[in-house]
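File shown: coords14.cif (mmCIF, C-alpha atoms and all ligand atoms).
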data_model
#
loop_
_atom_site.label_atom_id
_atom_site.label_comp_id
_atom_site.auth_asym_id
_atom_site.auth_seq_id
_atom_site.Cartn_x
_atom_site.Cartn_y
_atom_site.Cartn_z
CA MET A 14 8.94 0.23 -10.46
CA GLY A 15 10.79 -2.97 -9.67
CA TRP A 16 8.55 -4.63 -7.08
CA GLU A 17 10.17 -7.72 -5.53
CA PRO A 18 7.56 -9.99 -3.90
CA ASP A 19 10.11 -11.77 -1.66
CA ARG A 20 11.48 -8.55 -0.26
CA TYR A 21 7.98 -7.15 0.26
CA LEU A 22 6.85 -10.34 2.03
CA GLN A 23 9.82 -10.27 4.44
CA PHE A 24 7.46 -8.39 6.77
CA ALA A 25 4.30 -10.19 5.68
CA ASP A 26 2.71 -10.34 9.16
CA GLU A 27 3.20 -6.66 9.91
CA ARG A 28 1.98 -5.66 6.45
CA LEU A 29 -1.10 -7.90 6.68
CA ARG A 30 -2.34 -6.69 10.06
CA PRO A 31 -3.82 -3.36 8.88
CA ALA A 32 -5.63 -5.25 6.10
CA GLN A 33 -7.15 -7.54 8.73
CA ASP A 34 -8.20 -4.51 10.78
CA LEU A 35 -9.77 -2.90 7.71
CA LEU A 36 -11.54 -6.11 6.73
CA ALA A 37 -13.07 -6.34 10.21
CA ARG A 38 -14.88 -3.05 9.52
CA VAL A 39 -16.47 -4.04 6.18
CA PRO A 40 -20.19 -4.45 6.89
CA LEU A 41 -21.13 -6.78 4.01
CA PRO A 42 -22.21 -10.32 4.98
CA ALA A 43 -22.46 -11.86 1.49
CA LEU A 44 -21.00 -10.69 -1.78
CA ALA A 45 -20.97 -11.69 -5.45
CA ARG A 46 -18.14 -9.51 -6.78
CA VAL A 47 -15.04 -8.33 -4.89
CA VAL A 48 -12.00 -6.45 -6.24
CA ASP A 49 -8.63 -6.23 -4.51
CA LEU A 50 -7.15 -3.06 -6.00
CA GLY A 51 -3.34 -2.99 -5.96
CA CYS A 52 -3.38 -6.63 -4.85
CA GLY A 53 0.40 -7.12 -4.87
CA PRO A 54 1.48 -10.69 -4.09
CA GLY A 55 -2.08 -11.77 -3.23
CA ASN A 56 -1.86 -12.29 0.51
CA VAL A 57 -4.64 -9.75 1.13
CA THR A 58 -6.61 -11.29 -1.76
CA ALA A 59 -6.40 -14.59 0.13
CA LEU A 60 -7.97 -12.93 3.19
CA LEU A 61 -10.85 -11.72 1.01
CA ALA A 62 -11.26 -15.21 -0.48
CA ARG A 63 -11.55 -16.70 3.01
CA ARG A 64 -14.12 -14.11 4.11
CA TRP A 65 -16.28 -14.40 0.94
CA PRO A 66 -15.60 -17.88 -0.52
CA GLN A 67 -18.59 -17.63 -2.92
CA ALA A 68 -17.60 -14.26 -4.39
CA LYS A 69 -16.04 -13.73 -7.80
CA LEU A 70 -12.71 -12.28 -6.71
CA THR A 71 -10.47 -10.15 -8.94
CA GLY A 72 -7.03 -8.85 -8.03
CA VAL A 73 -5.78 -5.85 -9.99
CA ASP A 74 -2.17 -4.72 -10.07
CA ALA A 75 0.33 -3.09 -12.44
CA SER A 76 3.32 -5.25 -11.48
CA ALA A 77 3.87 -8.47 -13.47
CA ALA A 78 6.16 -9.84 -10.72
CA MET A 79 3.54 -9.26 -8.02
CA LEU A 80 0.77 -10.76 -10.16
CA GLU A 81 2.85 -13.83 -10.92
CA ARG A 82 3.22 -14.44 -7.18
CA ALA A 83 -0.48 -13.76 -6.58
CA ARG A 84 -1.57 -16.24 -9.27
CA ARG A 85 0.60 -18.94 -7.70
CA ALA A 86 -0.73 -18.19 -4.21
CA LEU A 87 -4.38 -18.13 -5.23
CA PRO A 88 -5.06 -20.01 -8.48
CA GLU A 89 -8.82 -19.87 -7.96
CA ALA A 90 -8.94 -16.05 -8.12
CA ARG A 91 -8.78 -13.94 -11.26
CA PHE A 92 -5.89 -11.50 -11.60
CA GLU A 93 -5.71 -8.63 -14.04
CA GLN A 94 -2.73 -6.48 -14.98
CA ALA A 95 -3.91 -2.88 -15.13
CA ASP A 96 -3.03 0.62 -14.03
CA ILE A 97 -5.55 1.71 -11.41
CA ARG A 98 -5.56 5.19 -12.94
CA HIS A 99 -7.34 3.82 -16.01
CA TRP A 100 -9.10 0.81 -14.47
CA THR A 101 -12.82 0.28 -15.03
CA PRO A 102 -14.49 -2.96 -13.87
CA ALA A 103 -16.49 -4.92 -16.44
CA ASP A 104 -19.20 -5.63 -13.80
CA ALA A 105 -19.65 -3.20 -10.93
CA PRO A 106 -18.24 -4.85 -7.75
CA GLU A 107 -19.98 -4.69 -4.39
CA LEU A 108 -16.63 -4.25 -2.65
CA ILE A 109 -13.45 -2.50 -3.74
CA PHE A 110 -10.80 -3.28 -1.13
CA SER A 111 -7.39 -1.60 -1.36
CA ASN A 112 -4.59 -2.12 1.14
CA ALA A 113 -1.40 -0.05 1.00
CA ALA A 114 -1.69 0.81 -2.69
CA LEU A 115 -3.60 4.02 -3.46
CA HIS A 116 -1.00 6.34 -1.90
CA TRP A 117 1.12 5.54 -4.98
CA LEU A 118 -1.44 7.30 -7.17
CA ASP A 119 -1.81 11.06 -7.60
CA ASP A 120 -4.93 13.09 -7.78
CA HIS A 121 -6.98 11.60 -4.94
CA PRO A 122 -9.63 14.33 -5.38
CA SER A 123 -10.67 12.69 -8.64
CA LEU A 124 -9.57 9.09 -7.88
CA PHE A 125 -11.65 8.49 -4.74
CA PRO A 126 -15.04 9.71 -6.02
CA ARG A 127 -14.37 7.81 -9.26
CA LEU A 128 -13.73 4.55 -7.38
CA LEU A 129 -16.90 5.08 -5.38
CA SER A 130 -18.84 5.58 -8.60
CA ARG A 131 -17.54 2.24 -9.96
CA LEU A 132 -19.34 0.31 -7.17
CA ALA A 133 -22.66 -1.45 -7.47
CA PRO A 134 -25.45 0.39 -5.59
CA GLY A 135 -25.00 -0.28 -1.86
CA GLY A 136 -21.36 -1.23 -2.42
CA VAL A 137 -18.38 -0.40 -0.23
CA LEU A 138 -14.97 1.15 -0.86
CA ALA A 139 -12.52 0.07 1.87
CA VAL A 140 -9.04 1.60 1.82
CA GLN A 141 -5.93 1.57 4.00
CA MET A 142 -2.91 3.73 3.19
CA PRO A 143 0.25 4.72 5.04
CA GLY A 144 -0.10 8.07 6.80
CA ASN A 145 3.49 8.46 7.93
CA PHE A 146 5.09 10.56 5.21
CA ASP A 147 6.46 12.96 7.86
CA ALA A 148 8.07 10.14 9.89
CA PRO A 149 11.89 10.31 10.24
CA SER A 150 12.25 7.29 7.91
CA HIS A 151 10.47 9.04 5.06
CA ARG A 152 11.98 12.49 5.72
CA LEU A 153 15.49 11.03 5.68
CA ILE A 154 14.89 9.42 2.28
CA ARG A 155 13.56 12.67 0.79
CA GLU A 156 16.41 14.71 2.28
CA LEU A 157 19.04 12.32 0.94
CA ALA A 158 17.45 12.26 -2.52
CA ALA A 159 17.42 16.08 -2.58
CA SER A 160 21.07 16.38 -1.46
CA PRO A 161 23.61 17.58 -4.07
CA ALA A 162 25.08 14.06 -4.51
CA TRP A 163 21.75 12.60 -5.66
CA ALA A 164 19.42 15.41 -6.71
CA ASP A 165 20.24 15.26 -10.42
CA ARG A 166 19.35 11.55 -10.69
CA LEU A 167 16.51 11.39 -8.17
CA ALA A 168 14.69 14.66 -8.82
CA GLY A 169 11.69 12.83 -10.27
CA ALA A 170 11.40 10.13 -7.57
CA ARG A 171 8.39 10.28 -5.27
CA MET A 172 7.19 8.04 -2.48
CA GLY A 173 3.46 8.65 -2.84
CA ALA A 174 1.28 10.78 -0.62
CA VAL A 175 -2.07 10.98 1.10
CA LEU A 176 -4.39 13.88 1.85
CA GLU A 177 -5.34 15.08 5.32
CA MET A 178 -8.27 13.11 6.73
CA PRO A 179 -10.84 15.97 6.45
CA ALA A 180 -10.17 16.06 2.69
CA TYR A 181 -11.37 12.44 2.31
CA HIS A 182 -14.46 13.35 4.31
CA ARG A 183 -15.16 16.31 2.01
CA LEU A 184 -14.61 14.19 -1.11
CA LEU A 185 -16.66 11.16 -0.12
CA ALA A 186 -19.33 12.10 2.44
CA PRO A 187 -21.64 13.79 -0.10
CA HIS A 188 -21.80 10.52 -2.10
CA CYS A 189 -22.07 8.04 0.80
CA ARG A 190 -24.81 6.67 2.99
CA HIS A 191 -22.12 5.88 5.56
CA LEU A 192 -18.48 6.94 5.88
CA SER A 193 -16.05 5.78 8.54
CA LEU A 194 -12.57 7.32 8.83
CA TRP A 195 -9.89 6.42 11.35
CA GLU A 196 -6.17 6.12 11.89
CA SER A 197 -3.93 3.75 13.85
CA THR A 198 -0.26 3.79 14.70
CA TYR A 199 1.26 0.31 14.66
CA TRP A 200 4.20 0.18 17.07
CA GLN A 201 6.07 -2.45 15.09
CA THR A 202 8.93 -4.31 16.75
CA LEU A 203 11.39 -5.45 14.12
CA GLY A 204 14.46 -7.67 14.42
CA GLY A 205 17.77 -7.85 12.53
CA PRO A 206 20.68 -5.47 12.08
CA THR A 207 19.03 -3.06 9.54
CA PRO A 208 15.28 -3.65 9.97
CA VAL A 209 13.98 -0.21 8.99
CA LEU A 210 16.17 -0.12 5.88
CA ASP A 211 14.99 -3.64 5.00
CA TRP A 212 11.35 -2.59 5.46
CA LEU A 213 11.77 0.49 3.28
CA ARG A 214 13.62 -1.41 0.53
CA GLY A 215 10.45 -3.46 -0.01
CA THR A 216 8.29 -0.39 -0.69
CA THR A 217 9.09 3.29 -0.07
CA LEU A 218 12.64 3.18 -1.44
CA LEU A 219 11.69 1.54 -4.76
CA PRO A 220 11.20 4.78 -6.72
CA TYR A 221 14.62 5.96 -5.48
CA LEU A 222 16.46 2.73 -6.28
CA THR A 223 14.84 1.86 -9.62
CA PRO A 224 16.50 4.74 -11.59
CA LEU A 225 20.01 3.84 -10.32
CA PRO A 226 22.50 1.17 -11.46
CA ALA A 227 23.39 -1.49 -8.87
CA ASP A 228 26.59 0.17 -7.59
CA GLU A 229 24.82 3.48 -7.03
CA GLN A 230 21.92 1.72 -5.30
CA ALA A 231 24.44 0.20 -2.89
CA ARG A 232 25.99 3.63 -2.28
CA LEU A 233 22.60 5.23 -1.59
CA LEU A 234 21.69 2.45 0.85
CA ALA A 235 25.10 2.73 2.57
CA GLU A 236 24.49 6.46 3.12
CA LEU A 237 20.96 5.96 4.38
CA ALA A 238 21.61 3.00 6.70
CA PRO A 239 23.45 4.87 9.51
CA GLN A 240 20.92 7.71 9.43
CA LEU A 241 18.04 5.26 9.88
CA ALA A 242 19.94 3.40 12.62
CA ALA A 243 20.38 6.69 14.49
CA ALA A 244 16.69 7.60 14.11
CA TYR A 245 15.52 4.10 15.12
CA PRO A 246 18.12 2.66 17.53
CA PRO A 247 17.73 -0.95 18.67
CA ASP A 248 16.98 -1.66 22.32
CA ALA A 249 19.27 -3.69 24.60
CA GLY A 250 17.73 -6.92 23.33
CA GLY A 251 18.32 -5.98 19.66
CA SER A 252 14.69 -5.11 18.77
CA THR A 253 13.88 -1.92 16.89
CA LEU A 254 10.63 -0.03 17.37
CA PHE A 255 9.35 1.30 14.04
CA PRO A 256 6.07 3.17 14.62
CA PHE A 257 3.91 3.33 11.51
CA ARG A 258 0.79 5.48 11.22
CA ARG A 259 -1.88 4.25 8.82
CA ILE A 260 -5.16 5.81 7.71
CA PHE A 261 -8.36 3.91 6.95
CA LEU A 262 -11.64 4.65 5.25
CA VAL A 263 -14.77 2.62 4.68
CA ALA A 264 -17.24 4.37 2.38
CA ALA A 265 -20.65 2.80 1.71
CA ARG A 266 -22.44 4.07 -1.36
C1 LIG A 301 2.71 -2.05 -1.07
S1 LIG A 301 2.03 -3.08 -2.28
C2 LIG A 301 0.53 -3.62 -1.49
C3 LIG A 301 0.10 -4.97 -1.98
C4 LIG A 301 -1.11 -5.58 -1.26
N1 LIG A 301 -2.30 -4.77 -1.42
C5 LIG A 301 -0.81 -5.81 0.20
O1 LIG A 301 -1.42 -5.14 1.03
O2 LIG A 301 0.03 -6.65 0.51
C6 LIG A 301 1.43 -1.87 -3.43
C7 LIG A 301 0.96 -2.48 -4.75
O3 LIG A 301 0.27 -1.46 -5.48
C8 LIG A 301 0.57 -1.66 -6.85
N2 LIG A 301 0.37 -0.38 -7.55
C9 LIG A 301 0.92 0.82 -7.26
N3 LIG A 301 0.49 1.74 -8.14
C10 LIG A 301 -0.35 1.11 -9.01
C11 LIG A 301 -1.12 1.51 -10.12
N4 LIG A 301 -1.11 2.78 -10.55
N5 LIG A 301 -1.88 0.60 -10.75
C12 LIG A 301 -1.91 -0.70 -10.33
N6 LIG A 301 -1.20 -1.14 -9.27
C13 LIG A 301 -0.42 -0.25 -8.61
C14 LIG A 301 2.01 -2.10 -6.88
O4 LIG A 301 2.33 -2.76 -8.08
C15 LIG A 301 2.08 -3.00 -5.64
O5 LIG A 301 1.88 -4.34 -5.93
#
What would you get if you wrote out this structure as structure tokens?
Amino acid sequence: MGWEPDRYLQFADERLRPAQDLLARVPLPALARVVDLGCGPGNVTALLARRWPQAKLTGVDASAAMLERARRALPEARFEQADIRHWTPADAPELIFSNAALHWLDDHPSLFPRLLSRLAPGGVLAVQMPGNFDAPSHRLIRELAASPAWADRLAGARMGAVLEMPAYHRLLAPHCRHLSLWESTYWQTLGGPTPVLDWLRGTTLLPYLTPLPADEQARLLAELAPQLAAAYPPDAGGSTLFPFRRIFLVAAR
């Protein structure tokens, strides 16, 4: 997928806030080895570096463009290009932190217990993922992609998914000494003429745009833009409310 760090970082503050909220719930005072799984452009990795300056910090991501940005942002950390589906740490970390990445992977029933098993004894898996796949923004994308004009080219595109919260409890609780699960809806106030479209172009829309040539991408975006504007109208001052539910888990082995 064609991740573009600049586009993703257009909403850097809003995208960082759930990572800060997750980090606040990690109960480990001192750490030797920390992994940022699906580290993207490294802004969350930088949060981890500030919290545990003595730790050996490794960011893992599949995207060369994201890793290039992360290496520039944080030269003191180690970054590794790898697919999380096949990733195994050389030394078991005490913390695996993953913000807004694991929803891109399938098969959570095997992925989550596997990640937990990669931790050092007493270690923590801390994860945040979007939990808004039924929001109008996401439904509109799926409906457009399934419409006759696009279905033949976009049949294979998918925006990721998460399980219902009780499923994560069932998967992880038997292997944990402590498990904390929660959700938050961030009532984001965005500015600009097409803020929801701009937000989605940085992430959710990527699998739908990547298979298309530039002119077709523009046509897809032109069809989607008015639908999103109708679902998320700006207020009198020009701000657009874009509520975003996110799910969190902190699992201590
Ligand atoms: C939305 S970004 C989140 C980046 C960062 N964690 C943050 O919170 O800003 C998702 C990242 O997950 C990475 N990713 C998605 N699927 C992956 C996979 N199977 N293996 C490795 N990285 C993956 C993408 O390359 C992308 O950089």
For ligand LIG 301 (chain A), collect every residue having any atom at a distance of at most 9 Å from a ligand atom (counting only C-alpha atoms and all ligand atoms); output as a VMD selection string. chain A and resid 14 to 18 21 to 22 25 28 to 29 31 to 32 49 to 58 73 to 80 94 to 100 110 to 119 141 215 to 217
Work out how far CA of Leu87 (chain A) is from CA of Pro66 (chain A), in Å to one decimal. 12.2 Å
Of the listed residues A:Ala186, A:Ala164, A:Leu70, A:Ala148, that which approaches Leu129 (chain A) most closely, counting all atoms listed in the file: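 Of the candidates, the smallest distance to Leu129 (chain A) is held by A:Ala186.
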3 Å per side around region 195-201 of chain A: axis-aligned box centre and edge lengths, as AutoDock Vina command-line options:
--center_x -1.9 --center_y 2.0 --center_z 14.2 --size_x 22.0 --size_y 14.9 --size_z 11.7
What is the distance, in Å and to one decimal place, between CA of Cys189 (chain A) and CA of Gln67 (chain A)?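 Straight-line distance from CA of Cys189 (chain A) to CA of Gln67 (chain A) works out to 26.2 Å.
The nearest approach to Arg84 (chain A) among the residues A:Thr207, A:Ser197, A:Thr71, A:Thr202, with all atoms listed in the file taken into account, belongs to A:Thr71.
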Measure the distance from CA of Leu237 (chain A) to CA of Asp165 (chain A) in Å and round it to one decimal.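 Taking CA of Leu237 (chain A) and CA of Asp165 (chain A), their separation equals 17.5 Å.
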Which residues come within 9 Å of region 247-262 of chain A, counting all atoms listed in the file, excluding same-chain residues fewer than 4 positions away, as a PyMOL selection string? chain A and resi 31+35+113+138-146+148+175+178+181+192-206+208-209+242
Selection near Asp104 (chain A), 9 Å with only C-alpha atoms, sequence-local residues under 3 positions removed, as a ChimeraX atom specification: /A:46,101,131-133
Here is a test: counting only C-alpha atoms, which residue of A:Leu167, A:Pro102, A:Ile154, A:Ala159 is nearest to Glu229 (chain A)?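 Nearest candidate to Glu229 (chain A) out of A:Leu167, A:Pro102, A:Ile154, A:Ala159: A:Leu167.
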Could you pull the residues within 10 Å of Ala168 (chain A), counting only C-alpha atoms, minus those fewer than 2 positions along the same chain, as an MDAnalysis selection string? chainID A and resid 155 158:160 163:166 170:171 221
Need to verify the contact set: Lys69 (chain A), 12 Å, only C-alpha atoms, exclusion of same-chain residues closer than 4 positions in sequence. Can you return it as a list in words?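 After dropping sequence-adjacent residues, the list is Ala43, Leu44, Ala45, Arg46, Val47, Val48, Asp49, Thr58, Leu61, Ala62, Trp65, Glu89, Ala90, Arg91, Phe92, Asp104, Ala105, Pro106, Glu107 and Leu108 of chain A.
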